[in-house]
Structure formats: structure tokens, C-alpha cells
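Read through the structure below, which is laid out as C-alpha cells, and then see the notes.
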Amino acid sequence: MLNLTKVIHMMMALVLTFLGIAGFYIMLSAEFVAVVQILIYSGAITIIMLFGIMLTKHTEAEPKTGWAKKGVVFTGIVLFFLIMFKGIRTISLGPQADDLHVNNTEQIGIMLYTDYVIPFELVSVVLLVALVGAVVLAKKDEKDEKEGEQS
């Protein structure tokens with residue numbers, strides 16, 4: 001994603017990254033978290049980012065990156081891969097729990113709607129306020145542009 005030049009291509013790479021993370025959650029037997037990852041991040045957050053991209057102005061084309069930058073990025077990726085590979089190969093996690101993933105969706109639902117119902121509702125209010133604020137800011141910019149054109 002970091003080496004792409006077009007914003008829409010970056011968004012598509014980000015969607016693939018979110019889907020890959022959801023795949024990791026499925027492999028860890030956390031199906032609920034994987035579905036939430038797909039719905040919220042791959043769906044909602046990506047749509048919000050696309051709206052943000054559409055509401056901003058893009059007047060100048062991005063300059064092409066040189067071979068030196070691509071070489072540094074590639075070297076960083078290879079080093080990150082080697083460090084992660086060595087770390088994963090040498091880690092010992094101990095014995096695995098047998099009943100860890102039994103009814104995990106039900107357990108999360110019960111906790112969310114009993115113990116954490118107030119924070120859950122507060123998060124929805126904060127997201128609604130952020131959405132309304134984004135619309136108000138976009139409308140102000142549009143109004144300022146019309147006033148500037150009339151002068």
C-alpha cells in the first residue's frame with residue numbers, strides 16, 4: 001500500500017490487508033472477530049475513507065518514485081519478513097487451551113450487552129457525532145467555494 005501512487009489503489013490494498021487480518025482471526029478460531037473485522041474495517045471504515053477521498057480536492061499528480069526509494073522499501077520489507085520469521089520460529093506459547101473457542105460469539109454477545117452496554121452505546125453516539133461533523137465541514141467548504149467564485 002505504501003508504494004502505490006493512486007489513492008484508490010491504496011484503498012484497495014488496505015481492503016486486502018483487512019481481509020488478510022480477518023483470515024488470521026478465522027485461523028485463530030475467532031469467527032466473530034473475523035466477521036466484525038470484515039464488516040467494520042473492510043466495509044464501513046473503507047467507505048468512510050473513500051468519502052473522505054471524494055470530498056477532498058486532488059489537483060496535482062503525485063511525482064513518480066525513484067529506484068532508490070523502491071530499493072529502500074524492498075529492503076525494509078525483506079528485513080521485516082526475516083525478523084518476523086525468526087521470531088515466529090523461536091516462540092513457545094505453551095500448552096493450548098481446549099475450551100477456548102467454545103461459544104465465543106455467544107460469550108462476546110453476553111458480555112457486550114450486559115457488562116459493556118453503556119460504552120457500546122457511547123461509541124455509537126461518538127461515531128454519529130463524527131459523521132455529522134464531517135458532513136458539516138464538507139458543506140462549509142462548499143459554501144466558501146461558492147462565495148469565492150461570486151467575488
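Identifiers in the C-alpha cells: chain A, B, ... in order shown; residue index from 1 per chain; ligand index from 1 in order shown.
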Pick out each residue of chain A that DSSP on the backbone tags as helix (DSSP H, G or I); I need them as a VMD selection string.
chain A and resid 7 to 27 31 to 55 67 to 90 104 to 114 117 to 150
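The interatomic distance for the pair atom CA of Gly71 of chain A and atom CA of Leu4 of chain A works out to 14.2 Å.
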Who sits within 12 Å of Ile48 of chain A, only C-alpha atoms, same chain under 4 positions skipped, as a PyMOL selection string:
chain A and resi 11+40-44+52-55+127+130-131+134-135
Keeping only N, CA and C atoms, write the selected residues as an mmCIF file, in the first residue's frame.
```cif
data_model
loop_
_atom_site.group_PDB
_atom_site.id
_atom_site.type_symbol
_atom_site.label_atom_id
_atom_site.label_comp_id
_atom_site.auth_asym_id
_atom_site.auth_seq_id
_atom_site.Cartn_x
_atom_site.Cartn_y
_atom_site.Cartn_z
ATOM 1 N N MET A 11 -6.425 2.328 -1.241
ATOM 2 C CA MET A 11 -7.612 1.866 -0.516
ATOM 3 C C MET A 11 -7.885 0.386 -0.796
ATOM 4 N N ILE A 40 -16.769 -4.133 9.698
ATOM 5 C CA ILE A 40 -16.435 -2.785 10.142
ATOM 6 C C ILE A 40 -15.246 -2.217 9.366
ATOM 7 N N TYR A 41 -14.149 -2.941 9.302
ATOM 8 C CA TYR A 41 -12.967 -2.366 8.670
ATOM 9 C C TYR A 41 -13.032 -2.471 7.151
ATOM 10 N N SER A 42 -13.259 -3.672 6.636
ATOM 11 C CA SER A 42 -13.272 -3.817 5.179
ATOM 12 C C SER A 42 -14.468 -3.116 4.558
ATOM 13 N N GLY A 43 -15.545 -2.959 5.304
ATOM 14 C CA GLY A 43 -16.725 -2.306 4.768
ATOM 15 C C GLY A 43 -16.831 -0.860 5.173
ATOM 16 N N ALA A 44 -17.175 -0.620 6.419
ATOM 17 C CA ALA A 44 -17.537 0.730 6.868
ATOM 18 C C ALA A 44 -16.364 1.702 6.855
ATOM 19 N N GLY A 52 -14.063 10.448 2.268
ATOM 20 C CA GLY A 52 -13.056 11.469 2.553
ATOM 21 C C GLY A 52 -12.206 11.791 1.346
ATOM 22 N N ILE A 53 -11.851 10.783 0.583
ATOM 23 C CA ILE A 53 -11.070 10.996 -0.638
ATOM 24 C C ILE A 53 -11.889 11.778 -1.653
ATOM 25 N N MET A 54 -13.167 11.433 -1.786
ATOM 26 C CA MET A 54 -14.011 12.122 -2.766
ATOM 27 C C MET A 54 -14.288 13.564 -2.360
ATOM 28 N N LEU A 55 -14.332 13.865 -1.068
ATOM 29 C CA LEU A 55 -14.626 15.217 -0.624
ATOM 30 C C LEU A 55 -13.419 16.142 -0.679
ATOM 31 N N LEU A 127 -19.552 7.976 17.087
ATOM 32 C CA LEU A 127 -19.481 7.780 15.643
ATOM 33 C C LEU A 127 -20.522 8.621 14.913
ATOM 34 N N ALA A 130 -19.266 12.189 14.846
ATOM 35 C CA ALA A 130 -18.191 12.323 13.861
ATOM 36 C C ALA A 130 -18.744 12.387 12.447
ATOM 37 N N LEU A 131 -19.753 11.597 12.146
ATOM 38 C CA LEU A 131 -20.366 11.615 10.818
ATOM 39 C C LEU A 131 -21.039 12.952 10.545
ATOM 40 N N ALA A 134 -18.394 15.616 9.957
ATOM 41 C CA ALA A 134 -17.792 15.525 8.624
ATOM 42 C C ALA A 134 -18.703 16.145 7.573
ATOM 43 N N VAL A 135 -19.996 15.910 7.676
ATOM 44 C CA VAL A 135 -20.939 16.492 6.716
ATOM 45 C C VAL A 135 -20.961 18.009 6.856
#
```
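For the atom pair formed by atom CA of Ile88 of chain A and atom CA of Leu39 of chain A, the distance is 28.7 Å, given to one decimal.
Between atom CA of Thr65 of chain A and atom CA of Phe85 of chain A the separation is 28.8 Å.
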Write out as CSV the residues of segment 78-109 of chain A that have any atom within 8 Å of an atom of segment 13-36 of chain A, one row each with the nearest atom pair and its distance in Å to one decimal, counting only C-alpha atoms, sorted by chain and then rising number.
```
residue,atom,partner,partner_atom,distance
A:His101,CA,A:Ser29,CA,6.1
A:Asn104,CA,A:Ala30,CA,7.2
A:Thr105,CA,A:Phe32,CA,5.5
```
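With distances restricted to only C-alpha atoms, A:Asn3 is the closest residue to Gly66 of chain A from A:Gly133, A:Asn3, A:Asp98, A:Val123.
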